[in-house]
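Input: a single structure, listed below in structure tokens.
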Amino acid sequence: MTEKPSSTPEPRHPVGRRAVLVAGGAAAATLAVGVASAQGEADSRAVQATPVAAAAVCTLTKEMTEGPYYLDGQYVRADITEGKTGFPLRLALTVVDDDTCAVIPNALVEIWHADVLGEYSGFVGSNGHSEPDSGTFLRGGVLTNSAGVANITTVYPGWYRGRCVHIHVKVHTNVTLTSDGSFTGGQELHTGQLFFDETVTARVGALTPYSTNTVTRTTLAQDSIYDEGGAASGLLTLAALGSSPASGYSGTLTLGVER
């Protein structure tokens with residue numbers, strides 16, 4: 001377990017392992033490599049061997065702080081909601097190698113975040129609200145598929161004192177899945193955070209159940225961690241799943257890590 005949480009905002013983390021974030025998954029998918037059949041069989045084979053994501057520009061960025069609310073040994077699962085209220089959020093996070101932009105299958109993408117009242121499981125009460133604490137809600141992760149994509153279902157996060165709305169993320173490789181539904185071992189390649197468009201967050205925050213959070217919300221521009229780097233700093237590409245915020249959102253991003 002990590003350090004005891006405090007009421008002060010999380011400090012900026014110094015540059016650690018080299019990691020990159022490239023264009024969001026939806027954008028990367030449109031950057032198809034052109035067919036080179038006219039240049040002969042050798043060129044054609046070379047194009048076929050090149051990952052689609054290689055057409056994207058890898059942007060070097062520092063990692064973000066792990067923060068005080070991380071807990072080891074969380075479940076490997078595609079749905080981390082545990083019945084928590086909130087607007088649906090469907091994440092599709094693509095993991096690629098920062099040197100080659102080749103996708104990385106079987107990487108564990110682990111996330112954790114606050115509920116609508118700004119409370120983290122295992123630390124309920126830190127944001128001034130009283131509620132049941134399972135120690136596991138809104139925590140967990142999945143292995144990336146053959147296309148390097150981790151699909152995780154959760155709810156749109158709430159906020160707590162001193163921070164904008166965000167999700168913490170880690171990327172691990174070579175983990176061993178355990179019989180209790182968790183994981184062990186492996187290498188931790190990336191620690192970062194995912195951020196949300198302020199316009200969308202304002203719409204979500206004005207509605208129940210988010211409006212019951214009595215803590216003053218820190219905006220994206222006011223946040224002490226987000227550095228205004230857009231997708232290169234973890235800003236998700238959001239798309240509405242329906243005609244109202246209550247229908248939820250999809251969130252996509254491509255995470256580049258150094259192996």
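Naming scheme: A, B, ... for chains in displayed order of the structure tokens; residues 1 onward per chain; ligands 1 onward as shown.
If you count only C-alpha atoms and ignore residues fewer than 2 places along the chain from A:Thr85, what sits within 12 Å of it is A:Ile80, A:Thr81, A:Glu82, A:Gly83, A:Phe87, A:Pro88, A:Leu89, A:Ala114, A:Asp115, A:Val116, A:Leu117, A:Phe137, A:Leu138, A:Thr154, A:Val155, A:Tyr156, A:Pro157, A:Gly158, A:Thr208, A:Pro209, A:Tyr210, A:Thr212, A:Ala246, A:Gly248.
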Near-A:Asn127 list (8 Å; only C-alpha atoms; drop same-chain fewer than 4 positions) as a VMD selection string: chain A and resid 117 to 119 160 to 161 215
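Closest approach to A:Ser244 among A:Ala92, A:Ala221, A:Val109, A:Val204: A:Val204, based on only C-alpha atoms.
Among the candidate residues A:Thr173, A:Asn151, A:Ser179, A:Thr219, the one lying nearest to A:Thr199 is A:Thr219, with distances computed using only C-alpha atoms.
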Distance query A:Glu188 at most 8 Å, only C-alpha atoms, self and fewer than 6 positions along chain excluded, as a list in words: Lys170, Val171, His172 and Thr173 of chain A
Take atom CA of A:Val142 and atom CA of A:Ser121 and report the distance between them in Å, one decimal. 18.6 Å
Do you know which residues are at most 12 Å from A:Asp227 counting only C-alpha atoms, after dropping those on the same chain fewer than 2 positions away, and could you put them as a list in words? Arg12, His13, Thr61, Lys62, Glu63, Met64, Gln193, Leu194, Phe195, Leu220, Ala221, Gln222, Asp223, Ser224, Ile225, Gly229, Gly230, Ala231, Ala232, Ser233, Gly234 and Leu235 of chain A
Can I get the selection written as a tab-separated table (two decimals), in the first residue's frame, with C-alpha atoms?
```tsv
chain	number	residue	atom	x	y	z
A	12	ARG	CA	4.20	16.79	-10.18
A	13	HIS	CA	6.32	13.69	-10.76
A	61	THR	CA	6.14	12.91	-22.63
A	62	LYS	CA	6.94	12.57	-18.95
A	63	GLU	CA	5.05	10.12	-16.80
A	64	MET	CA	2.48	11.33	-14.29
A	193	GLN	CA	-3.06	9.71	-15.95
A	194	LEU	CA	-6.00	10.13	-18.32
A	195	PHE	CA	-7.80	13.47	-18.56
A	220	LEU	CA	-8.52	21.07	-16.25
A	221	ALA	CA	-6.82	24.46	-16.64
A	222	GLN	CA	-6.42	24.79	-12.86
A	223	ASP	CA	-5.01	21.32	-12.30
A	224	SER	CA	-1.49	21.00	-10.87
A	225	ILE	CA	-0.66	17.82	-12.84
A	229	GLY	CA	-0.25	18.83	-23.74
A	230	GLY	CA	-3.47	17.37	-25.15
A	231	ALA	CA	-3.30	13.71	-26.15
A	232	ALA	CA	0.44	13.78	-25.49
A	233	SER	CA	-0.40	14.39	-21.83
A	234	GLY	CA	-3.21	11.85	-21.56
A	235	LEU	CA	-6.24	13.82	-22.81
```
Would you please give, as an NGL selection string, all residues of stretch 73-192 of chain A that DSSP assigns to strand (DSSP E or B) based on the backbone? :A and (76 or 79 or 88-97 or 103 or 108-112 or 139-143 or 149-155 or 166-173 or 176-177 or 183-184 or 187-192)
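The coordinates place atom CA of A:Pro132 at 20.1 Å from atom CA of A:Gly73.
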